[in-house]
Every structure is written in C-alpha cells, then in structure tokens.
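Shown next: final_8.pdb, given as PDB, C-alpha atoms.
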ATOM      1  CA  MET A  12      14.102 -13.503  -2.140
ATOM      2  CA  LYS A  13      11.256 -15.965  -2.476
ATOM      3  CA  LEU A  14       8.396 -14.702  -4.615
ATOM      4  CA  GLY A  15       4.679 -15.328  -4.831
ATOM      5  CA  PHE A  16       2.597 -14.643  -7.928
ATOM      6  CA  ILE A  17      -1.191 -14.392  -7.893
ATOM      7  CA  GLY A  18      -3.055 -14.070 -11.199
ATOM      8  CA  LEU A  19      -1.678 -16.164 -14.047
ATOM      9  CA  GLY A  20      -3.695 -14.872 -16.993
ATOM     10  CA  ASN A  21      -2.476 -13.604 -20.361
ATOM     11  CA  MET A  22      -0.131 -11.133 -18.672
ATOM     12  CA  GLY A  23       0.540 -12.781 -15.314
ATOM     13  CA  GLY A  24       1.440 -16.195 -16.701
ATOM     14  CA  PRO A  25       4.310 -14.953 -18.889
ATOM     15  CA  MET A  26       5.566 -12.631 -16.150
ATOM     16  CA  ALA A  27       5.682 -15.480 -13.629
ATOM     17  CA  ALA A  28       7.459 -17.637 -16.217
ATOM     18  CA  ASN A  29      10.116 -14.963 -16.717
ATOM     19  CA  LEU A  30      10.713 -14.790 -12.963
ATOM     20  CA  LEU A  31      11.320 -18.539 -12.976
ATOM     21  CA  LYS A  32      13.726 -18.155 -15.909
ATOM     22  CA  ALA A  33      15.572 -15.500 -13.907
ATOM     23  CA  GLY A  34      16.174 -18.075 -11.175
ATOM     24  CA  TYR A  35      13.631 -16.969  -8.592
ATOM     25  CA  ASP A  36      11.817 -19.400  -6.299
ATOM     26  CA  VAL A  37       8.171 -18.686  -7.211
ATOM     27  CA  THR A  38       4.952 -19.886  -5.553
ATOM     28  CA  VAL A  39       1.830 -19.316  -7.647
ATOM     29  CA  TYR A  40      -1.948 -19.221  -7.323
ATOM     30  CA  ASP A  41      -4.826 -18.666  -9.733
ATOM     31  CA  VAL A  42      -8.477 -19.664  -9.755
ATOM     32  CA  ASN A  43      -7.734 -21.375 -13.082
ATOM     33  CA  GLU A  44      -6.073 -24.668 -12.180
ATOM     34  CA  LYS A  45      -4.709 -25.144 -15.705
ATOM     35  CA  SER A  46      -2.799 -21.883 -15.413
ATOM     36  CA  VAL A  47      -1.271 -23.067 -12.157
ATOM     37  CA  GLU A  48      -0.377 -26.420 -13.698
ATOM     38  CA  ASN A  49       1.329 -24.687 -16.611
ATOM     39  CA  LEU A  50       3.594 -22.787 -14.218
ATOM     40  CA  THR A  51       4.348 -25.775 -11.971
ATOM     41  CA  LYS A  52       5.565 -27.612 -15.066
ATOM     42  CA  GLN A  53       8.062 -24.779 -15.453
ATOM     43  CA  GLY A  54       9.296 -25.120 -11.885
ATOM     44  CA  ALA A  55       6.894 -23.073  -9.758
ATOM     45  CA  LYS A  56       5.337 -24.251  -6.512
ATOM     46  CA  ALA A  57       1.548 -24.172  -6.122
ATOM     47  CA  ALA A  58      -0.506 -22.747  -3.257
ATOM     48  CA  PHE A  59      -4.187 -23.376  -2.536
ATOM     49  CA  ASN A  60      -5.093 -19.726  -1.925
ATOM     50  CA  PRO A  61      -3.558 -16.228  -1.632
ATOM     51  CA  LYS A  62      -2.894 -16.776   2.076
ATOM     52  CA  GLY A  63      -0.823 -19.833   1.213
ATOM     53  CA  VAL A  64       1.200 -17.825  -1.280
ATOM     54  CA  ALA A  65       1.954 -15.059   1.220
ATOM     55  CA  GLU A  66       2.980 -17.381   4.056
ATOM     56  CA  GLY A  67       6.161 -18.599   2.424
ATOM     57  CA  VAL A  68       7.474 -15.666   0.392
ATOM     58  CA  ASP A  69       9.095 -12.243   0.722
ATOM     59  CA  VAL A  70       7.400 -10.460  -2.187
ATOM     60  CA  ILE A  71       3.872 -11.147  -3.454
ATOM     61  CA  LEU A  72       3.185 -10.017  -7.031
ATOM     62  CA  LEU A  73      -0.405  -9.513  -8.179
ATOM     63  CA  SER A  74      -1.697  -9.422 -11.758
ATOM     64  CA  LEU A  75      -5.472  -9.235 -11.428
ATOM     65  CA  PRO A  76      -8.373  -7.975 -13.563
ATOM     66  CA  ASN A  77     -10.060  -5.244 -11.526
ATOM     67  CA  PRO A  78     -10.161  -3.284  -8.242
ATOM     68  CA  ALA A  79     -12.712  -5.542  -6.550
ATOM     69  CA  ILE A  80     -10.626  -8.664  -7.145
ATOM     70  CA  VAL A  81      -7.408  -6.958  -5.992
ATOM     71  CA  THR A  82      -9.109  -5.889  -2.768
ATOM     72  CA  GLN A  83     -10.643  -9.327  -2.208
ATOM     73  CA  VAL A  84      -7.364 -11.165  -2.833
ATOM     74  CA  VAL A  85      -5.509  -8.920  -0.404
ATOM     75  CA  THR A  86      -8.066  -8.457   2.391
ATOM     76  CA  GLY A  87     -10.596 -11.293   1.992
ATOM     77  CA  ILE A  88     -10.911 -14.680   3.688
ATOM     78  CA  ASN A  89      -7.723 -16.666   3.009
ATOM     79  CA  GLY A  90      -6.333 -13.481   1.497
ATOM     80  CA  VAL A  91      -2.777 -12.222   1.356
ATOM     81  CA  LEU A  92      -3.015 -10.276   4.628
ATOM     82  CA  GLU A  93      -3.916 -13.446   6.540
ATOM     83  CA  GLY A  94      -0.588 -14.987   5.589
ATOM     84  CA  ILE A  95       1.785 -12.080   5.003
ATOM     85  CA  LYS A  96       4.989 -11.856   7.039
ATOM     86  CA  LYS A  97       6.456  -8.750   8.634
ATOM     87  CA  GLY A  98       8.835  -7.097   6.190
ATOM     88  CA  SER A  99       7.163  -8.552   3.116
ATOM     89  CA  VAL A 100       6.091  -6.534   0.079
ATOM     90  CA  ILE A 101       2.974  -6.634  -2.070
ATOM     91  CA  LEU A 102       3.869  -5.620  -5.615
ATOM     92  CA  ASP A 103       0.651  -4.968  -7.534
ATOM     93  CA  LEU A 104       1.103  -5.138 -11.294
ATOM     94  CA  SER A 105      -2.647  -4.822 -11.946
ATOM     95  CA  THR A 106      -4.301  -1.839 -13.605
ATOM     96  CA  VAL A 107      -6.760  -0.465 -11.054
ATOM     97  CA  THR A 108      -7.587   2.983  -9.687
ATOM     98  CA  PRO A 109      -4.919   4.693  -7.560
ATOM     99  CA  ASN A 110      -7.402   4.824  -4.663
ATOM    100  CA  THR A 111      -7.683   1.023  -4.704
ATOM    101  CA  ILE A 112      -4.054   0.751  -3.607
ATOM    102  CA  ILE A 113      -4.036   3.867  -1.435
ATOM    103  CA  LYS A 114      -6.906   2.417   0.647
ATOM    104  CA  LEU A 115      -4.952  -0.809   1.184
ATOM    105  CA  VAL A 116      -1.862   0.933   2.581
ATOM    106  CA  PRO A 117      -3.003   1.188   6.256
ATOM    107  CA  GLN A 118      -4.090  -2.470   6.342
ATOM    108  CA  VAL A 119      -0.855  -3.664   4.761
ATOM    109  CA  GLU A 120       1.354  -1.514   6.972
ATOM    110  CA  ALA A 121      -0.525  -2.713  10.066
ATOM    111  CA  LYS A 122       0.953  -6.124   9.254
ATOM    112  CA  GLY A 123       4.444  -4.644   9.088
ATOM    113  CA  ALA A 124       4.517  -4.945   5.299
ATOM    114  CA  LYS A 125       4.642  -2.566   2.328
ATOM    115  CA  ILE A 126       2.662  -2.234  -0.905
ATOM    116  CA  LEU A 127       3.725  -0.773  -4.243
ATOM    117  CA  ASP A 128       1.587  -0.083  -7.288
ATOM    118  CA  ALA A 129       3.519  -1.187 -10.365
ATOM    119  CA  PRO A 130       1.205  -1.346 -13.398
ATOM    120  CA  VAL A 131       2.714  -2.539 -16.650
ATOM    121  CA  SER A 132       2.457  -1.540 -20.307
ATOM    122  CA  GLY A 133       3.462  -3.531 -23.360
ATOM    123  CA  GLY A 134       0.682  -6.081 -23.710
ATOM    124  CA  VAL A 135       1.071  -9.827 -24.033
ATOM    125  CA  PRO A 136       4.071  -9.600 -26.422
ATOM    126  CA  GLY A 137       5.911  -7.416 -23.894
ATOM    127  CA  ALA A 138       5.038  -9.777 -21.052
ATOM    128  CA  ILE A 139       6.324 -12.792 -22.985
ATOM    129  CA  ALA A 140       9.530 -11.029 -24.032
ATOM    130  CA  GLY A 141      10.152  -9.571 -20.567
ATOM    131  CA  LYS A 142      10.260  -6.089 -22.065
ATOM    132  CA  LEU A 143       7.375  -4.377 -20.281
ATOM    133  CA  THR A 144       7.352  -0.758 -19.201
ATOM    134  CA  ILE A 145       6.633  -0.619 -15.463
ATOM    135  CA  MET A 146       5.470   2.475 -13.555
ATOM    136  CA  VAL A 147       5.990   2.295  -9.798
ATOM    137  CA  GLY A 148       4.513   4.223  -6.896
ATOM    138  CA  GLY A 149       5.289   3.796  -3.186
ATOM    139  CA  ASP A 150       8.138   3.852  -0.702
ATOM    140  CA  GLN A 151      11.422   4.410  -2.554
ATOM    141  CA  GLU A 152      13.486   2.066  -0.375
ATOM    142  CA  THR A 153      10.937  -0.695  -1.008
ATOM    143  CA  PHE A 154      11.069   0.047  -4.729
ATOM    144  CA  GLU A 155      14.862  -0.297  -4.720
ATOM    145  CA  LYS A 156      14.534  -3.616  -2.914
ATOM    146  CA  CYS A 157      12.142  -4.863  -5.600
ATOM    147  CA  GLN A 158      13.900  -3.352  -8.618
ATOM    148  CA  PRO A 159      15.821  -6.545  -9.570
ATOM    149  CA  ILE A 160      12.505  -8.434  -9.606
ATOM    150  CA  LEU A 161      10.969  -5.833 -11.894
ATOM    151  CA  GLU A 162      13.986  -5.974 -14.194
ATOM    152  CA  ALA A 163      13.296  -9.696 -14.722
ATOM    153  CA  ILE A 164       9.929  -8.868 -16.302
ATOM    154  CA  GLY A 165      10.431  -5.368 -17.684
ATOM    155  CA  LYS A 166      12.803  -3.307 -19.784
ATOM    156  CA  ASN A 167      11.830   0.230 -18.765
ATOM    157  CA  ILE A 168      11.327   0.708 -15.018
ATOM    158  CA  TYR A 169      10.203   4.096 -13.682
ATOM    159  CA  TYR A 170       9.872   5.174 -10.063
ATOM    160  CA  LEU A 171       7.300   7.958  -9.820
ATOM    161  CA  GLY A 172       6.853   8.748  -6.132
ATOM    162  CA  GLU A 173       4.092   8.106  -3.628
ATOM    163  CA  VAL A 174       1.657   5.200  -3.735
ATOM    164  CA  GLY A 175      -0.798   5.581  -6.629
ATOM    165  CA  SER A 176       1.609   7.509  -8.861
ATOM    166  CA  GLY A 177       2.337   4.528 -11.078
ATOM    167  CA  LEU A 178      -1.338   3.848 -11.630
ATOM    168  CA  THR A 179      -2.067   7.470 -12.395
ATOM    169  CA  VAL A 180       0.481   7.487 -15.209
ATOM    170  CA  LYS A 181      -0.678   4.064 -16.464
ATOM    171  CA  LEU A 182      -4.299   5.206 -16.720
ATOM    172  CA  ILE A 183      -3.271   8.390 -18.521
ATOM    173  CA  ASN A 184      -1.333   6.203 -20.954
ATOM    174  CA  GLN A 185      -4.355   3.961 -21.511
ATOM    175  CA  PHE A 186      -6.573   6.980 -22.119
ATOM    176  CA  LEU A 187      -4.209   8.371 -24.757
ATOM    177  CA  PHE A 188      -3.779   5.040 -26.555
ATOM    178  CA  ALA A 189      -7.507   4.287 -26.520
ATOM    179  CA  ALA A 190      -8.458   7.731 -27.802
ATOM    180  CA  ASN A 191      -5.760   7.666 -30.470
ATOM    181  CA  LEU A 192      -6.838   4.233 -31.704
ATOM    182  CA  ALA A 193     -10.475   5.321 -31.806
ATOM    183  CA  ALA A 194      -9.479   8.324 -33.952
ATOM    184  CA  LEU A 195      -7.427   6.026 -36.180
ATOM    185  CA  VAL A 196     -10.384   3.700 -36.742
ATOM    186  CA  GLU A 197     -12.612   6.635 -37.628
ATOM    187  CA  ALA A 198      -9.978   7.814 -40.096
ATOM    188  CA  PHE A 199      -9.740   4.336 -41.637
ATOM    189  CA  SER A 200     -13.538   4.240 -41.914
ATOM    190  CA  LEU A 201     -13.545   7.570 -43.724
ATOM    191  CA  ALA A 202     -10.834   6.339 -46.085
ATOM    192  CA  ALA A 203     -12.812   3.174 -46.836
ATOM    193  CA  LYS A 204     -15.967   5.173 -47.526
ATOM    194  CA  VAL A 205     -14.337   7.470 -50.067
ATOM    195  CA  GLY A 206     -12.233   4.746 -51.686
ATOM    196  CA  ILE A 207      -8.688   5.771 -50.753
ATOM    197  CA  ASP A 208      -5.894   3.245 -51.448
ATOM    198  CA  ALA A 209      -5.483   1.855 -47.920
ATOM    199  CA  GLU A 210      -1.946   0.513 -48.284
ATOM    200  CA  LYS A 211      -0.649   3.750 -49.767
ATOM    201  CA  MET A 212      -2.450   5.821 -47.137
ATOM    202  CA  VAL A 213      -0.890   3.844 -44.278
ATOM    203  CA  GLU A 214       2.550   4.200 -45.875
ATOM    204  CA  ILE A 215       2.076   7.976 -45.968
ATOM    205  CA  LEU A 216       0.674   8.224 -42.445
ATOM    206  CA  LEU A 217       3.612   6.271 -41.013
ATOM    207  CA  LYS A 218       5.920   8.985 -42.407
ATOM    208  CA  SER A 219       3.730  11.949 -41.520
ATOM    209  CA  SER A 220       2.368  13.856 -38.560
ATOM    210  CA  GLY A 221      -0.620  11.497 -38.374
ATOM    211  CA  SER A 222       1.644   8.644 -37.266
ATOM    212  CA  SER A 223       1.251   7.199 -33.781
ATOM    213  CA  TYR A 224       1.909   4.193 -31.578
ATOM    214  CA  ALA A 225      -1.616   3.015 -32.383
ATOM    215  CA  LEU A 226      -0.901   3.113 -36.112
ATOM    216  CA  ASN A 227       2.536   1.510 -35.746
ATOM    217  CA  THR A 228       1.300  -1.398 -33.633
ATOM    218  CA  ARG A 229      -2.097  -2.041 -35.245
ATOM    219  CA  HIS A 230      -1.968  -1.324 -38.980
ATOM    220  CA  GLU A 231      -0.469  -4.731 -39.815
ATOM    221  CA  LYS A 232      -3.006  -6.560 -37.650
ATOM    222  CA  ILE A 233      -5.813  -4.797 -39.507
ATOM    223  CA  ALA A 234      -4.204  -5.366 -42.931
ATOM    224  CA  ASN A 235      -3.822  -9.084 -42.189
ATOM    225  CA  ASN A 236      -7.323  -9.362 -40.693
ATOM    226  CA  ASN A 237      -5.675 -10.578 -37.494
ATOM    227  CA  PHE A 238      -7.619  -9.538 -34.423
ATOM    228  CA  GLU A 239      -6.155 -12.064 -32.009
ATOM    229  CA  PRO A 240      -5.671 -10.105 -28.800
ATOM    230  CA  GLY A 241      -2.525  -8.336 -27.816
ATOM    231  CA  PHE A 242      -4.868  -6.367 -25.550
ATOM    232  CA  GLN A 243      -8.580  -7.123 -25.472
ATOM    233  CA  ILE A 244     -11.331  -4.614 -26.168
ATOM    234  CA  GLU A 245     -13.121  -5.490 -22.923
ATOM    235  CA  LEU A 246      -9.939  -4.853 -20.922
ATOM    236  CA  MET A 247      -9.481  -1.468 -22.562
ATOM    237  CA  LEU A 248     -13.087  -0.648 -21.772
ATOM    238  CA  LYS A 249     -12.393  -1.566 -18.142
ATOM    239  CA  ASP A 250      -9.348   0.718 -18.111
ATOM    240  CA  LEU A 251     -11.341   3.566 -19.635
ATOM    241  CA  SER A 252     -13.911   3.212 -16.868
ATOM    242  CA  LEU A 253     -11.061   3.542 -14.342
ATOM    243  CA  VAL A 254      -9.758   6.633 -16.134
ATOM    244  CA  SER A 255     -13.252   8.115 -16.050
ATOM    245  CA  ALA A 256     -13.540   7.378 -12.320
ATOM    246  CA  MET A 257     -10.170   9.003 -11.631
ATOM    247  CA  ALA A 258     -11.163  12.073 -13.649
ATOM    248  CA  HIS A 259     -14.473  12.275 -11.775
ATOM    249  CA  GLU A 260     -12.699  12.075  -8.411
ATOM    250  CA  ASN A 261     -10.531  15.022  -9.452
ATOM    251  CA  ASP A 262     -13.247  17.110 -11.195
ATOM    252  CA  ILE A 263     -11.483  16.884 -14.559
ATOM    253  CA  PRO A 264     -13.615  16.780 -17.730
ATOM    254  CA  LEU A 265     -12.631  13.870 -19.949
ATOM    255  CA  GLN A 266     -14.829  14.404 -22.993
ATOM    256  CA  ILE A 267     -12.493  12.752 -25.500
ATOM    257  CA  GLY A 268     -11.956   9.710 -23.292
ATOM    258  CA  ASP A 269     -15.649   9.284 -22.581
ATOM    259  CA  SER A 270     -16.435   9.658 -26.284
ATOM    260  CA  ALA A 271     -13.798   7.073 -27.262
ATOM    261  CA  ALA A 272     -15.221   4.641 -24.713
ATOM    262  CA  GLN A 273     -18.482   4.569 -26.662
ATOM    263  CA  LEU A 274     -16.738   2.955 -29.622
ATOM    264  CA  TYR A 275     -15.172   0.248 -27.425
ATOM    265  CA  ARG A 276     -18.549  -0.285 -25.766
ATOM    266  CA  LEU A 277     -20.200  -0.660 -29.174
ATOM    267  CA  ALA A 278     -17.602  -3.241 -30.193
ATOM    268  CA  LYS A 279     -18.132  -5.227 -27.006
ATOM    269  CA  ARG A 280     -21.912  -5.185 -27.439
ATOM    270  CA  ARG A 281     -21.460  -6.542 -30.964
ATOM    271  CA  GLY A 282     -19.510  -9.521 -29.647
ATOM    272  CA  TYR A 283     -15.947  -8.343 -30.175
ATOM    273  CA  GLY A 284     -14.968  -7.941 -26.518
ATOM    274  CA  LYS A 285     -12.330 -10.693 -26.635
ATOM    275  CA  LYS A 286     -10.765  -9.328 -29.823
ATOM    276  CA  ASP A 287      -7.701  -7.103 -29.944
ATOM    277  CA  VAL A 288      -8.443  -3.416 -29.469
ATOM    278  CA  ALA A 289      -7.969  -2.963 -33.220
ATOM    279  CA  GLY A 290     -11.225  -4.907 -33.501
ATOM    280  CA  ILE A 291     -13.196  -1.738 -32.826
ATOM    281  CA  LEU A 292     -12.817  -1.329 -36.599
ATOM    282  CA  LEU A 293     -15.007  -4.411 -37.074
ATOM    283  CA  ALA A 294     -17.850  -2.723 -35.206
ATOM    284  CA  MET A 295     -17.465   0.457 -37.258
ATOM    285  CA  GLU A 296     -17.547  -1.543 -40.485
ATOM    286  CA  GLU A 297     -20.797  -3.200 -39.449
ATOM    287  CA  VAL A 298     -22.500   0.021 -38.396
ATOM    288  CA  LEU A 299     -21.396   1.977 -41.469
ATOM    289  CA  ASN A 300     -21.666  -0.927 -43.938
ATOM    290  CA  ILE A 301     -18.140  -0.394 -45.214
ATOM    291  CA  LYS A 302     -15.043  -2.589 -45.533
ATOM    292  CA  PHE A 303     -11.554  -1.289 -44.907
ATOM    293  CA  PRO A 304      -9.325  -3.159 -47.406
ATOM    294  CA  ARG A 305      -7.330  -6.150 -46.117
ATOM    295  CA  LYS A 306      -4.540  -8.058 -47.841
ATOM    296  CA  GLU A 307      -6.793 -11.108 -48.043
ATOM    297  CA  ASN A 308      -9.152  -9.088 -50.255
ATOM    298  CA  GLU A 309      -6.524  -8.225 -52.831
TER     299      GLU A 309
END
So that I can check it, write out the structure of this file as structure tokens.
Amino acid sequence: MKLGFIGLGNMGGPMAANLLKAGYDVTVYDVNEKSVENLTKQGAKAAFNPKGVAEGVDVILLSLPNPAIVTQVVTGINGVLEGIKKGSVILDLSTVTPNTIIKLVPQVEAKGAKILDAPVSGGVPGAIAGKLTIMVGGDQETFEKCQPILEAIGKNIYYLGEVGSGLTVKLINQFLFAANLAALVEAFSLAAKVGIDAEKMVEILLKSSGSSYALNTRHEKIANNNFEPGFQIELMLKDLSLVSAMAHENDIPLQIGDSAAQLYRLAKRRGYGKKDVAGILLAMEEVLNIKFPRKENE
C-alpha cells in the first residue's frame, strides 16, 4: 500500500520516518516546509497540499494538533476529501474529541472511503523508537487492513470497537496522567517546603504505593533540571480541555481533572508552555517561593 502522512511535527515526523524505514512508499505534507524537506531527504515524496497527498495513496495518516485543524485538513479547500480515492482509508493518529471523528464519518463514507481514530501514547521517545501504544476505533476489517502499518510505528496496538473508542480511551489516559503528575508536583512542593531529602524520598516512593508512571518517567528529568519536552505542557492543557469537553457532553463531573488543569494553565501563563509537562513544578516553585532539590544544586 502507498501511504500519505500529513502533520510532520514532533510526533508525526518520527512516525513518518519509521514508515519509510519499514519500506513503505510515503507521500508527505506539512505547513512547515523544513519538516517536509527533512522527510524527503529520507526518501519520502512531497505533496503541495492534503488533496495532493490523498490523490496518490491508499491510506492517509494524520498527526495534527487539534480538532479544528483535523476537520479543515479533511474537509477544507484542497483537503483530503477532494483527492481521496474509493477504498482508501484515513487513519487519524491525532488526539481530538471522539465527536470530531464521528462527525467526519458520513462525509468520508460518501466518498467510498473509511476513517479510523488511532490516537497514540508514548510521547516523542516512543514515536522515535517506534514503540507507541495505539488505540483504534472504527470498522474492524479496515483496522485489520491497516494493522501492519500501525505495527511499523507502534508496539502495543489495541482495537477497541466503533469509531471514537480509541480517542475515548486516549483522553481518559491523558486525564489520569495529567492528574497524577499534578499530584506528584504538589507532593514534591510539600517535601521541598519541609526540607525532606528529595533523593531518598524518590527512592522510597518508587518502591511504595505512591509510585506511578508519572514518577517513573519524570523524576530523573526533574532531578537533572531537564525540562526539554517529551510532551509539552501546552499540549497536555489542550488534551485536558478535550477531556473536559467529553465529560461535559456526557454529564460526567470531572472535578479532579478540571482542578489539575489549573496547574498546567498556571505554568503556561508563566511562560512554560513549551516545556515538558514536568515543568509544572517550575510554576509551583515560583508561586510558593521554594526550590525542589536538583542534582546540579548538590
């Protein structure tokens, strides 16, 4: 199958590169010409717009920032639907609301094509290594057709059922990680305030019931004062807004998620939006006038 890839950012670029390494014929497009050039140097073909991508391929993968851009790329002028062939598949790897994809289904199927939601988890390191977790919703036969493509970019592939199911699970995952990290940062702030030995505390937490994915993946970044993004604060804030919207649509109170979002919002307002999500600690340190110990301070 010939593939198209639209959206070559921090996640999309490495995923497209891994598809090339797997031997796929890949046509790419991004508004950032340098991103396109980087992929063409690795063997990809370039298109001038999403329509141009869709015209020559069997599966179009999307990795885009938000619902509005996904909708525009698919349905807008020179969009995917203007060039898509009968029998083609749109495989959306973006994190958007389930309703974003559900609303596109009739328009895509009117063209004789299919759409799957297939959001990914694992951050930039997972994208580079080709070891992402991918959650898929949509027609099962279409999923099976696309499974080898997904296996070129991911390690754990899950089929969850109807369109929107993958995104629902992804947003729940984001909510849990964001809330857990926010709690971790508050705990670190408390420890800094009362003067607990940070290194010893982390060692204990990693072996105790307070351990978590957030602690396992972020304690070393914090200790080394390394806030280069694996996943940016502003992207997590975007995901939390999607979680909140999904909860609102379903009349589900999300008090912990909404409360956690305030900490990410504070960090963004203080200029840390491009930092790794662990950078919410930097905002807490400023507000509370504390300093959680780092190795550089020893």
Suppose a student applies the PyMOL selection byres ((chain A and resi 289) around 7) to this structure; what residues should they get, written as a PDB file with C-alpha atoms, in the frame of the given file?
ATOM      1  CA  ARG A 229      -2.097  -2.041 -35.245  1.00  0.00           C
ATOM      2  CA  ILE A 233      -5.813  -4.797 -39.507  1.00  0.00           C
ATOM      3  CA  PHE A 238      -7.619  -9.538 -34.423  1.00  0.00           C
ATOM      4  CA  ASP A 287      -7.701  -7.103 -29.944  1.00  0.00           C
ATOM      5  CA  VAL A 288      -8.443  -3.416 -29.469  1.00  0.00           C
ATOM      6  CA  GLY A 290     -11.225  -4.907 -33.501  1.00  0.00           C
ATOM      7  CA  ILE A 291     -13.196  -1.738 -32.826  1.00  0.00           C
ATOM      8  CA  LEU A 292     -12.817  -1.329 -36.599  1.00  0.00           C
TER       9      LEU A 292
END
Report, as lines of an AutoDock Vina configuration file, the axis-aligned box around all atoms of stretch 258-268 of chain A present in the file, extended by 8 Å on each side; give centre and edge lengths in Å to one decimal place.
center_x = -12.7
center_y = 13.4
center_z = -17.0
size_x = 20.3
size_y = 23.4
size_z = 33.1
- Item | Test item: the PyMOL selection byres ((chain A and resi 243) around 9) resolved as a ChimeraX atom specification | /A:239-242,244-248,283-290
- Quick one: apply the PyMOL selection byres ((chain A and resi 121-126) around 7) to the file and drop the selected residues here as a count of residues only. 14
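One finds atom CA of A:Thr144 at 5.1 Å from atom CA of A:Ser132.
The two atoms in question, atom CA of A:Ile88 and atom CA of A:Asn60, are spaced 9.5 Å apart.
With all atoms listed in the file as the atoms that count, the minimum distance from A:Leu92 to the choices A:Leu253, A:Ile80, A:Ala65, A:Leu265 is reached by A:Ala65.
The interatomic distance for the pair atom CA of A:Thr51 and atom CA of A:Ala28 works out to 9.7 Å.
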- Between A:Leu217, A:Leu192, A:Val131, A:Ala256, which is the closest to A:Gly165 once you count only C-alpha atoms? A:Val131
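For the residues A:Ile95, A:Leu299, A:Cys157, A:Ala129, ranking by smallest atom-to-atom distance to A:Thr108 using all atoms listed in the file places A:Ala129 first.
Nearest to A:Ala190 of all the residues A:Asn227, A:Asn237, A:Ser270, A:Gly206 is A:Ser270, based on only C-alpha atoms.
In terms of minimum interatomic distance to A:Gly221, A:Leu195 ranks closest within A:Met12, A:Leu72, A:Val107, A:Leu195, counting all atoms listed in the file.
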Distance cut-off 10 Å, centre (10.2, -19.6, -11.1) in file coordinates, counting all atoms listed in the file: which residues qualify? Return them as an mmCIF file with C-alpha atoms, in the coordinates of the input.
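out27.cif, written as the output of this step:
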data_model
loop_
_atom_site.group_PDB
_atom_site.id
_atom_site.type_symbol
_atom_site.label_atom_id
_atom_site.label_comp_id
_atom_site.auth_asym_id
_atom_site.auth_seq_id
_atom_site.Cartn_x
_atom_site.Cartn_y
_atom_site.Cartn_z
ATOM 1 C CA LYS A 13 11.256 -15.965 -2.476
ATOM 2 C CA LEU A 14 8.396 -14.702 -4.615
ATOM 3 C CA GLY A 15 4.679 -15.328 -4.831
ATOM 4 C CA PHE A 16 2.597 -14.643 -7.928
ATOM 5 C CA MET A 26 5.566 -12.631 -16.150
ATOM 6 C CA ALA A 27 5.682 -15.480 -13.629
ATOM 7 C CA ALA A 28 7.459 -17.637 -16.217
ATOM 8 C CA ASN A 29 10.116 -14.963 -16.717
ATOM 9 C CA LEU A 30 10.713 -14.790 -12.963
ATOM 10 C CA LEU A 31 11.320 -18.539 -12.976
ATOM 11 C CA LYS A 32 13.726 -18.155 -15.909
ATOM 12 C CA ALA A 33 15.572 -15.500 -13.907
ATOM 13 C CA GLY A 34 16.174 -18.075 -11.175
ATOM 14 C CA TYR A 35 13.631 -16.969 -8.592
ATOM 15 C CA ASP A 36 11.817 -19.400 -6.299
ATOM 16 C CA VAL A 37 8.171 -18.686 -7.211
ATOM 17 C CA THR A 38 4.952 -19.886 -5.553
ATOM 18 C CA VAL A 39 1.830 -19.316 -7.647
ATOM 19 C CA LEU A 50 3.594 -22.787 -14.218
ATOM 20 C CA THR A 51 4.348 -25.775 -11.971
ATOM 21 C CA GLN A 53 8.062 -24.779 -15.453
ATOM 22 C CA GLY A 54 9.296 -25.120 -11.885
ATOM 23 C CA ALA A 55 6.894 -23.073 -9.758
ATOM 24 C CA LYS A 56 5.337 -24.251 -6.512
#
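Restricting the calculation to all atoms listed in the file, the smallest distance between A:Leu251 and any of A:Tyr170, A:Tyr40, A:Phe199, A:Tyr275 is found for A:Tyr275.
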Export of stretch 254-289 of chain A: C-alpha atoms, as a short mmCIF file (atom, residue, chain, number, x, y, z; two decimals), in the first residue's frame:
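Contents of out.cif, as written:
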data_model
loop_
_atom_site.label_atom_id
_atom_site.label_comp_id
_atom_site.auth_asym_id
_atom_site.auth_seq_id
_atom_site.Cartn_x
_atom_site.Cartn_y
_atom_site.Cartn_z
CA VAL A 254 -11.33 15.59 28.27
CA SER A 255 -13.41 18.31 29.90
CA ALA A 256 -15.49 18.69 26.72
CA MET A 257 -16.08 14.94 26.53
CA ALA A 258 -17.12 14.85 30.19
CA HIS A 259 -19.48 17.78 29.64
CA GLU A 260 -21.07 16.07 26.64
CA ASN A 261 -21.76 13.03 28.82
CA ASP A 262 -22.81 14.88 32.02
CA ILE A 263 -19.88 13.45 34.00
CA PRO A 264 -18.31 15.61 36.74
CA LEU A 265 -14.55 15.82 36.32
CA GLN A 266 -13.52 17.80 39.38
CA ILE A 267 -10.03 16.32 39.69
CA GLY A 268 -9.27 16.82 36.00
CA ASP A 269 -10.53 20.39 35.99
CA SER A 270 -8.54 21.14 39.14
CA ALA A 271 -5.35 19.64 37.66
CA ALA A 272 -5.81 21.74 34.53
CA GLN A 273 -5.41 24.89 36.62
CA LEU A 274 -1.82 23.96 37.42
CA TYR A 275 -0.98 23.38 33.73
CA ARG A 276 -2.71 26.66 32.88
CA LEU A 277 -0.66 28.47 35.52
CA ALA A 278 2.55 27.01 34.08
CA LYS A 279 1.61 28.09 30.56
CA ARG A 280 0.77 31.62 31.72
CA ARG A 281 4.19 31.83 33.37
CA GLY A 282 5.91 31.02 30.08
CA TYR A 283 6.50 27.30 30.46
CA GLY A 284 4.06 26.09 27.80
CA LYS A 285 6.79 24.63 25.57
CA LYS A 286 8.45 22.81 28.47
CA ASP A 287 7.90 19.15 29.33
CA VAL A 288 4.85 18.50 31.48
CA ALA A 289 7.19 18.05 34.45
#
